[in-house]
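Heads up: the structure comes next, in C-alpha cells.
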Amino acid sequence: MRHRAPARHGPKPAARGRRPAAHPWRLLLCCALLVLASCPPALIVGTDLLGWGDLTRLFQPRPGIQQAVLETLRLPRLLVAILIGAALGTAGALMQSVLRNSLAAPDIVGVTSAAQLALVANHLLFSAAVPDLAATSLGGLAGCLLSLAVAGGGRVAPARLALAGVAVSLGLGALSSAIVLFADDRASGLVLWSAGFLDQTGWDRLRQVAPGLGLGLVLALLLARSLDIASLGEETAGNLGLGRAVPFLSLGVAVLLSGAAVSLAGPIGFVGLAAPNLARMAVGSRHRHVLPLSAVGGVLVLLWADIAAQALSANGALPTGALVACVGAPAMLFLVLRMRGGARQGGGDRALSPRALLPPARLAALLLALLLCAGLAGLAAGDGWAFANGPFLDTAAMRLPRLLAAAGAGALLGLAGTLLQTLTRNPLAGPETLGILQGAALFSLVAIGFGTVPGSLGFVMATTAGGGVVVLVLAALKAERDPLKLVLCGVALAAGFGALSTLFVVNAQFQMTEALSWLAGSTHGRSLAQAAVPIPFAAILLLVLWLARRSFDVLAQGDETARSLGLAVPATRRLALGAATLATGLAVSTVGAVGFIGLLAPHAVRMLGGSRHGILLPAAMGMGAAVAMLADAVGRAVLAPYEVPVGIVTALVGVPLFLGILRRSSR
C-alpha cells in the first residue's frame with residue numbers, strides 16, 4: 001500500500017522508483033574519506049611551528065613545543081570542528097524533517113541565539129550557576145518554542161516560520177550584545193566567542209560536552225526509521241502505530257545538539273541549513289541516509305571553513321563561524337529563491353493603506369509634542385538627571401550633540417523606510433530587513449580601517465556605496481514579487497554583510513567594545529560638527545521628495561496602474577531607491593547601524609495620518625527622530641552609568657512590533 005506525504009512546504013519524500021543522484025553509502029564513504037584527508041591540513045595550517053613531518057608526533061609523542069602545540073591547541077580544535085559540524089548538520093536535518101520546512105535550522109528558528117543568550121547570562125550575570133550544556137539546551141528549547149509560537153505553529157509556510165525565527169533571533173541577539181557590552185575587559189573574548197571562534201576550547205570543555213553530543217548523535221540515528229514513518233503524515237503514521245512522541249523527541253535531540261555546539265564554540269550558523277538540504281538533493285529523503293550524510297557534510301563544511309580561517313588569519317584569531325556565514329548567506333539565498341509559495345499577493349498593499357485616525361493638523365501637533373518631549377528627555381536623562389548635576393544648560397550643552405545625531409539619523413531612517421515600503425508595497429520592508437543598513441555598516445568599518453574620518457564627505461560616500469551594493473544585489477535577485485521572499489533575501493544579505501563586518505573587525509584588530517557599539521548603533525562621543533553633517537542632506541532630500549509626492553502616491557498603487565496614469569515608473573523608482581540608499585548611508589555615517597526605526601516609523605505614521613506622501617514623508621522623519629531620541633535617552637538612563645546603544649534599545653522594542661506586522665500581513 002502506497003502513501004503520499006501531505007506536507008506541502010517541507011522536504012518531500014523521494015518518489016518510489018526514482019533513483020537518488022548518488023549511491024548513498026558510496027557517497028557517505030567518499031565524504032568520510034574527505035574528512036580524513038582534511039584532518040592533516042586542519043592540524044598544521046595557520047602556524048609556523050608545525051610541518052607535515054610533525055604529524056607523526058601524534059603516534060610517537062616526543063617532548064617539545066611541537067608536541068605541546070599539537071596536543072593542547074591543534075588537536076582539540078580539530079575535534080571541536082568535527083563534533084560541532086556533525087551536531088549542527090544532524091540538528092538541521094531533524095528540524096527540517098519534523099517541521100517539514102527546508103528553511104528550518106538551529107540558527108533560523110531561534111535555537112542558536114537563545115542558547116547564546118543563556119550561556120552569556122549564565123556566565124556574566126549568574127557566575128556559571130548551572131552547567132553550560134544545561135543552560136544552552138534549556139535556552140535553545142525556549143527559543144525554538146518561542147519562534148514556533150509567534151509563527152503560529154510548525155506547519156506554517158516556510159518563509160513565515162523563517163522570518164519569525166529570524167526576528168526572535170534578532171531580539172535575543174540584542175539582549176546578548178547588551179550583556180556583552182557591560183563585560184568590560186571580557187568583551188574581546190566574548191565577541192570572538194559570539195562569532196564562532198573554535199580556538200578557545202581545551203580538553204576539559206570537550207570532556208564535559210562530548211558525552212551529550214555523542215548521546216544526541218546516537219539518538220538521532222535511532223530515530224531514522226520513525227522519522228521515515230512520520231513523514232507519511234500524522235494519520236498514516238498513527239495507523240502504523242507511531243505516536244506523537246517522535247517529533248517532540250526529535251526536536252529535543254536537535255536542541256541538545258545545537259546547545260552543545262554553542263557551549264563549545266559559540267553560535268555558528270548556516271551549517272544546519274545547508275548540509276541537510278545538500279544531503280537530500282544527493283540521496284533522497286530516507287533518514288538512514290540523510291542523517292549520517294548531513295552529519296558528515298556538516299563536518300566537511302566546518303573543517304574547510306576552519307582551514308580557510310586559519311590560512312587567512314594573520315594572528316590566528318579569525319572566527320570560523322563568521323567565515324561560514326559569509327558562505328552560508330548565498331546558500332540561504334539559493335534556497336529562498338527556489339522555494340515555492342509565500343505570502344499571497346496583495347497582502348501587504350492593504351497594510352500600507354490604513355484609514356487615517358488623525359487629520360493633518362492634529363498629527364502635526366502630536367509629532368511636535370512628541371519631538372519636544374523626546375528632546376527634553378534626551379537633554380535631561382543620562383548619567384544622572386541634568387537638574388541634579390549643576391546648571392541645566394551646562395549639562396544640556398554636553399548632551400546636545402548626541403541628541404542632534406540621534407534625531408538626524410532617526411529622521412533619515414524613517415524617510416528611507418517610507419520609500420522602501422512604497423517601492424516594494426511590502427509592510428516588512430526596511431533598511432534593516434533588506435540588508436541595506438548592514439551593507440552600509442560594513443563599508444563604514446572598511447572606511448575607518450583605511451583612515452577615513454567619520455563625518456567627512458568620503459565617509460558618507462563609503463556608507464552610501466555599501467547600501468547601494470545591497471540594492472544592486474536585491475535588484476539582480478528579482479524577488480520583489482513575493483513580500484516574504486524579498487525580506488528573507490534581505491535577511492540573508494544582512495547576515496552575510498554582518499559576518500563580513502565581524503571578520504573585518506577581528507582581522508583589523510579594532511577595539512572590540514567600540515566596534516560592537518558602532519555595529520549596534522551608538523551616539524557616544526559625537527561632536528556637534530559630526531551631528532550637523534546629515535542636516536543639509538536631509539533637508540534637500542525632503543524637499544526633492546516632497547515635490548515628487550504625488551508621483552509616489554501613484555506609484556504606491558502598483559506599477560501597472562501607475563503606467564496607465566502616465567507616470568514614468570522607472571525614473572520614479574530610481575529616485576526613490578537612490579534617496580532611500582543615500583538616507584540610510586547618511587544615518588549609518590552618523591550613529592552606526594540603528595535598526596527597526598526605518599521599519600516601524602512609517603507604520604506608526606500611516607496608522608495615525610494615512611498614506612499620502614505629502615504628509616507621510618515629513619511625518620515619518622519626525623516620528624523617526626522622536627523614536628531615536630527617546631531610545632538614546634533610555635539607553636543612557638536605564639543602566640547608568642553604563643550606556644545601552646541606541647540600536648539595541650530599538651531592536652528590543654522593534655522585534656515584538658515586527659512580529660505583529662508579520663502576523664497581520666500574513667492574514
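Labeling convention for the C-alpha cells: chains A, B, ... as they appear, residues from 1 per chain, ligands from 1 in order of appearance.
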
Wanna dump the stretch 33-81 of chain A-stretch 320-329 of chain A contacts at 12 Å for me, each residue with its shortest atom pair and the distance in Å to one decimal, counting only C-alpha atoms, ordered by chain and number, as CSV?
residue,atom,partner,partner_atom,distance
A:Arg77,CA,A:Thr320,CA,11.1
A:Val80,CA,A:Thr320,CA,11.7
A:Ala81,CA,A:Thr320,CA,9.4

Report task. For A:Gly297, list every protein, DNA or RNA residue within 8 Å, evaluated using only C-alpha atoms, and leave out those in the same chain fewer than 5 positions away; present the list as a list in words. Result -> Cys31, Gly85, Ala86, Gly89, Ala275, Pro276 and Ala279 of chain A

Any chance you can output those residues with C-alpha atoms as a PDB file, in the first residue's frame?
ATOM      1  CA  CYS A  31      32.648  12.190   2.269  1.00  0.00           C
ATOM      2  CA  GLY A  85      29.842  20.120  12.279  1.00  0.00           C
ATOM      3  CA  ALA A  86      28.234  16.730  12.908  1.00  0.00           C
ATOM      4  CA  GLY A  89      24.246  19.054  10.370  1.00  0.00           C
ATOM      5  CA  ALA A 275      24.192  20.356   4.910  1.00  0.00           C
ATOM      6  CA  PRO A 276      20.758  18.638   5.178  1.00  0.00           C
ATOM      7  CA  ALA A 279      22.158  15.675   1.521  1.00  0.00           C
TER       8      ALA A 279
END

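Each of A:Cys30, A:Leu312, A:Leu419, A:Ala604 was compared to A:Leu582 using only C-alpha atoms, and A:Leu419 turns out to be the nearest.
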
As a compact mmCIF listing (two decimals) with all heavy atoms, in the first residue's frame, please: the residues near A:Ala265 (cut-off 10 Å, only C-alpha atoms, same-chain neighbours under 6 positions excluded).
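Result written to result-v2.txt:
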# COMPACT_ATOMS: atom_id res chain seq x y z
N ARG A 77 41.10 21.68 18.73
CA ARG A 77 40.37 22.48 17.74
C ARG A 77 39.82 21.59 16.61
O ARG A 77 38.68 21.79 16.17
CB ARG A 77 41.29 23.55 17.16
CG ARG A 77 40.64 24.42 16.11
CD ARG A 77 41.47 25.64 15.81
NE ARG A 77 40.82 26.51 14.83
CZ ARG A 77 41.05 27.81 14.71
NH1 ARG A 77 41.93 28.39 15.50
NH2 ARG A 77 40.42 28.54 13.82
N VAL A 80 36.85 19.65 17.96
CA VAL A 80 35.70 20.55 18.13
C VAL A 80 35.02 20.80 16.79
O VAL A 80 33.78 20.77 16.68
CB VAL A 80 36.16 21.88 18.76
CG1 VAL A 80 35.10 22.96 18.60
CG2 VAL A 80 36.45 21.68 20.24
N ALA A 81 35.80 21.06 15.73
CA ALA A 81 35.21 21.28 14.41
C ALA A 81 34.43 20.05 13.95
O ALA A 81 33.33 20.17 13.39
CB ALA A 81 36.32 21.62 13.41
N ILE A 84 31.18 19.70 16.26
CA ILE A 84 30.18 20.74 16.02
C ILE A 84 29.57 20.60 14.63
O ILE A 84 28.36 20.76 14.45
CB ILE A 84 30.83 22.13 16.20
CG1 ILE A 84 31.15 22.38 17.66
CG2 ILE A 84 29.90 23.23 15.69
CD1 ILE A 84 31.83 23.69 17.92
N LEU A 192 34.70 37.38 20.19
CA LEU A 192 35.25 36.28 19.39
C LEU A 192 34.39 35.03 19.55
O LEU A 192 34.08 34.34 18.58
CB LEU A 192 36.69 36.00 19.81
CG LEU A 192 37.74 37.03 19.38
CD1 LEU A 192 39.09 36.67 19.99
CD2 LEU A 192 37.85 37.08 17.86
N TRP A 193 34.02 34.72 20.78
CA TRP A 193 33.19 33.55 21.02
C TRP A 193 31.84 33.69 20.32
O TRP A 193 31.34 32.74 19.72
CB TRP A 193 32.97 33.37 22.53
CG TRP A 193 32.02 32.27 22.86
CD1 TRP A 193 32.30 30.94 22.96
CD2 TRP A 193 30.63 32.41 23.13
NE1 TRP A 193 31.16 30.24 23.26
CE2 TRP A 193 30.11 31.13 23.38
CE3 TRP A 193 29.75 33.50 23.19
CZ2 TRP A 193 28.78 30.90 23.68
CZ3 TRP A 193 28.43 33.28 23.48
CH2 TRP A 193 27.95 31.99 23.72
N SER A 194 31.25 34.89 20.35
CA SER A 194 29.96 35.12 19.72
C SER A 194 30.02 35.02 18.20
O SER A 194 28.99 34.89 17.55
CB SER A 194 29.41 36.50 20.12
OG SER A 194 29.22 36.58 21.51
N ALA A 195 31.21 35.12 17.64
CA ALA A 195 31.37 34.99 16.19
C ALA A 195 31.68 33.56 15.76
O ALA A 195 31.87 33.31 14.58
CB ALA A 195 32.47 35.94 15.70
N GLY A 196 31.75 32.63 16.72
CA GLY A 196 32.05 31.25 16.37
C GLY A 196 33.54 31.00 16.26
O GLY A 196 34.05 30.69 15.19
N PHE A 197 34.23 31.13 17.37
CA PHE A 197 35.69 31.01 17.38
C PHE A 197 36.05 29.65 17.95
O PHE A 197 35.81 29.36 19.12
CB PHE A 197 36.27 32.15 18.23
CG PHE A 197 37.77 32.23 18.20
CD1 PHE A 197 38.45 32.24 17.00
CD2 PHE A 197 38.49 32.30 19.37
CE1 PHE A 197 39.83 32.34 16.97
CE2 PHE A 197 39.87 32.39 19.35
CZ PHE A 197 40.54 32.40 18.14
N LEU A 198 36.67 28.78 17.14
CA LEU A 198 36.93 27.40 17.55
C LEU A 198 38.14 27.27 18.45
O LEU A 198 38.25 26.31 19.21
CB LEU A 198 37.12 26.50 16.32
CG LEU A 198 35.95 26.40 15.35
CD1 LEU A 198 36.25 25.35 14.29
CD2 LEU A 198 34.66 26.07 16.07
N ASP A 199 39.08 28.18 18.37
CA ASP A 199 40.35 28.04 19.09
C ASP A 199 40.24 28.60 20.50
O ASP A 199 40.97 29.50 20.90
CB ASP A 199 41.47 28.75 18.33
CG ASP A 199 42.84 28.32 18.83
OD1 ASP A 199 42.91 27.33 19.57
OD2 ASP A 199 43.83 28.97 18.47
N GLN A 200 39.29 28.08 21.27
CA GLN A 200 39.11 28.56 22.63
C GLN A 200 38.70 27.42 23.56
O GLN A 200 38.33 27.64 24.71
CB GLN A 200 38.01 29.63 22.66
CG GLN A 200 36.69 29.13 22.09
CD GLN A 200 35.65 30.23 22.00
OE1 GLN A 200 35.70 31.18 22.77
NE2 GLN A 200 34.73 30.11 21.09
N THR A 201 38.76 26.20 23.07
CA THR A 201 38.27 25.06 23.82
C THR A 201 39.40 24.09 24.11
O THR A 201 40.06 23.63 23.19
CB THR A 201 37.16 24.34 23.03
OG1 THR A 201 36.13 25.26 22.72
CG2 THR A 201 36.57 23.20 23.85
N PRO A 319 37.40 34.31 13.31
CA PRO A 319 36.30 33.44 13.73
C PRO A 319 35.81 32.56 12.58
O PRO A 319 35.45 33.06 11.51
CB PRO A 319 35.21 34.42 14.18
CG PRO A 319 35.90 35.72 14.38
CD PRO A 319 37.05 35.73 13.42
N THR A 320 35.76 31.27 12.83
CA THR A 320 35.29 30.34 11.80
C THR A 320 33.81 30.54 11.54
O THR A 320 33.36 30.44 10.39
CB THR A 320 35.57 28.90 12.25
OG1 THR A 320 36.96 28.76 12.54
CG2 THR A 320 35.17 27.91 11.18
N GLY A 321 33.03 30.82 12.58
CA GLY A 321 31.60 30.99 12.40
C GLY A 321 31.26 32.15 11.48
O GLY A 321 30.33 32.06 10.67

Quick one: everything within 8 Å of A:Phe552, counting only C-alpha atoms, minus sequence neighbours fewer than 3 positions away in the same chain. Send it as an mmCIF file with N, CA and C atoms, in the first residue's frame.
data_model
loop_
_atom_site.group_PDB
_atom_site.id
_atom_site.type_symbol
_atom_site.label_atom_id
_atom_site.label_comp_id
_atom_site.auth_asym_id
_atom_site.auth_seq_id
_atom_site.Cartn_x
_atom_site.Cartn_y
_atom_site.Cartn_z
ATOM 1 N N THR A 422 7.095 51.941 0.076
ATOM 2 C CA THR A 422 6.337 52.396 -1.092
ATOM 3 C C THR A 422 6.798 51.670 -2.343
ATOM 4 N N ALA A 548 8.015 65.476 -5.339
ATOM 5 C CA ALA A 548 7.596 64.294 -6.104
ATOM 6 C C ALA A 548 6.542 63.483 -5.360
ATOM 7 N N ARG A 549 5.890 64.076 -4.373
ATOM 8 C CA ARG A 549 4.986 63.329 -3.504
ATOM 9 C C ARG A 549 3.826 62.693 -4.264
ATOM 10 N N LEU A 555 2.659 55.699 -7.564
ATOM 11 C CA LEU A 555 3.497 54.501 -7.588
ATOM 12 C C LEU A 555 3.031 53.485 -6.555
ATOM 13 N N ALA A 556 2.507 53.955 -5.436
ATOM 14 C CA ALA A 556 2.048 53.046 -4.386
ATOM 15 C C ALA A 556 0.850 52.216 -4.818
ATOM 16 N N THR A 572 10.836 57.216 -11.463
ATOM 17 C CA THR A 572 10.347 57.416 -10.094
ATOM 18 C C THR A 572 10.939 56.389 -9.143
ATOM 19 N N HIS A 613 1.760 60.785 0.595
ATOM 20 C CA HIS A 613 3.171 61.064 0.826
ATOM 21 C C HIS A 613 3.453 62.527 1.164
#

Report task. Just the residues within 8 Å of A:Ala254, please, counting only C-alpha atoms, with nothing from its chain fewer than 6 positions along; format it as a list in words. Result ->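 The residues that qualify are Thr90, Ala91, Gly92, Leu94, Met95, Pro106 and Gly216 of chain A.
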
Please save C-alpha atoms of the selected residues as a PDB file, in the first residue's frame.
ATOM      1  CA  THR A  90      22.233  16.436  12.257  1.00  0.00           C
ATOM      2  CA  ALA A  91      20.217  19.046  14.179  1.00  0.00           C
ATOM      3  CA  GLY A  92      19.275  20.805  10.937  1.00  0.00           C
ATOM      4  CA  LEU A  94      15.980  16.690  12.327  1.00  0.00           C
ATOM      5  CA  MET A  95      14.352  20.137  12.369  1.00  0.00           C
ATOM      6  CA  PRO A 106      19.067  25.863  14.616  1.00  0.00           C
ATOM      7  CA  GLY A 216      22.398  13.179  20.723  1.00  0.00           C
TER       8      GLY A 216
END

Query - Nearby residues (only C-alpha atoms) at most 10 Å from A:Ser250, same-chain spacing under 4 positions excluded, as a PyMOL selection string - result: chain A and resi 91+93-95+97-98+216+219-220+223-224+226-227+245-246+254-256

Please list as a CSV table (one decimal) with N, CA and C atoms, in the first residue's frame every residue within 10 Å of A:Leu586, counting only C-alpha atoms and excluding residues in the same chain fewer than 6 positions away.
chain,number,residue,atom,x,y,z
A,408,GLY,N,18.8,63.3,13.8
A,408,GLY,CA,19.1,63.3,12.4
A,408,GLY,C,19.1,61.9,11.8
A,409,ALA,N,19.7,61.0,12.5
A,409,ALA,CA,19.8,59.6,12.0
A,409,ALA,C,18.4,59.0,12.0
A,412,LEU,N,16.3,60.3,9.0
A,412,LEU,CA,16.8,59.7,7.7
A,412,LEU,C,16.3,58.3,7.6
A,413,LEU,N,16.4,57.5,8.7
A,413,LEU,CA,15.9,56.1,8.6
A,413,LEU,C,14.4,56.1,8.4
A,440,ALA,N,25.8,49.2,4.5
A,440,ALA,CA,26.4,50.5,4.8
A,440,ALA,C,27.3,50.4,6.1
A,455,GLY,N,32.2,61.2,9.6
A,455,GLY,CA,31.6,62.5,9.4
A,455,GLY,C,32.0,63.3,8.2
A,457,LEU,N,32.9,63.8,4.1
A,457,LEU,CA,32.2,63.5,2.8
A,457,LEU,C,32.6,62.1,2.3
A,459,PHE,N,33.5,59.6,4.0
A,459,PHE,CA,32.9,58.6,4.9
A,459,PHE,C,31.4,58.4,4.5
A,460,VAL,N,30.7,59.5,4.2
A,460,VAL,CA,29.3,59.4,3.8
A,460,VAL,C,29.2,58.7,2.5
A,461,MET,N,30.1,59.0,1.5
A,461,MET,CA,30.1,58.3,0.3
A,461,MET,C,30.4,56.8,0.4
A,462,ALA,N,31.2,56.4,1.3
A,462,ALA,CA,31.5,55.0,1.6
A,462,ALA,C,30.3,54.3,2.1
A,463,THR,N,29.7,54.8,3.1
A,463,THR,CA,28.5,54.1,3.7
A,463,THR,C,27.4,54.1,2.7
A,464,THR,N,27.2,55.1,1.9
A,464,THR,CA,26.1,55.1,0.9
A,464,THR,C,26.4,54.0,-0.2
A,533,VAL,N,26.4,67.1,10.1
A,533,VAL,CA,26.7,66.7,8.7
A,533,VAL,C,25.4,66.3,8.0
A,534,PRO,N,24.5,65.4,8.5
A,534,PRO,CA,23.4,65.0,7.7
A,534,PRO,C,22.2,66.0,7.6
A,535,ILE,N,22.3,67.1,8.3
A,535,ILE,CA,21.2,68.0,8.3
A,535,ILE,C,20.9,68.6,7.0
A,537,PHE,N,21.8,67.5,4.0
A,537,PHE,CA,21.4,66.4,3.1
A,537,PHE,C,19.9,66.0,3.3
A,538,ALA,N,19.6,65.9,4.6
A,538,ALA,CA,18.2,65.6,4.9
A,538,ALA,C,17.2,66.6,4.4
A,580,ALA,N,16.5,56.5,-0.8
A,580,ALA,CA,16.5,55.6,0.4
A,580,ALA,C,17.9,55.2,0.7
A,592,GLY,N,26.0,54.8,13.3
A,592,GLY,CA,26.2,53.4,13.1
A,592,GLY,C,24.9,52.7,12.7

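One distance worth recording is that between atom CA of A:Gly64 and atom CA of A:Pro40, which is 19.4 Å.
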
Report task. Rank nothing, just name the residue among A:Ile179, A:Ala118, A:Leu434, A:Val69 nearest to A:Val469, using only C-alpha atoms. Result ->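 That would be A:Leu434, the residue with the smallest distance to A:Val469.
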
Query raised in the report: Which value, in Å to one decimal, gives the distance between atom CA of A:Gly414 and atom CA of A:Gly496?
Result: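 About the pair atom CA of A:Gly414 and atom CA of A:Gly496: they are 24.1 Å apart.
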
Query raised in the report: So which bits of stretch 220-447 of chain A end up alpha helix (DSSP H) when you DSSP the backbone, as a PyMOL selection string?
Result: chain A and resi 220-222+224-230+234-239+245-265+271-283+287-312+320-338+347-351+360-380+392-424+436-447

Query raised in the report: Expressed in Å to a single decimal, how great is the separation between atom CA of A:Gly451 and atom CA of A:Ser589?
Result: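 Between atom CA of A:Gly451 and atom CA of A:Ser589 the gap is 14.2 Å.
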
Report task. Would you please work out which residue, of A:Leu119, A:Leu500, A:Met621, A:Leu78, is nearest to A:Ala416 when using only C-alpha atoms? Result ->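 Once distances to A:Ala416 are computed over only C-alpha atoms, the minimum belongs to A:Met621.
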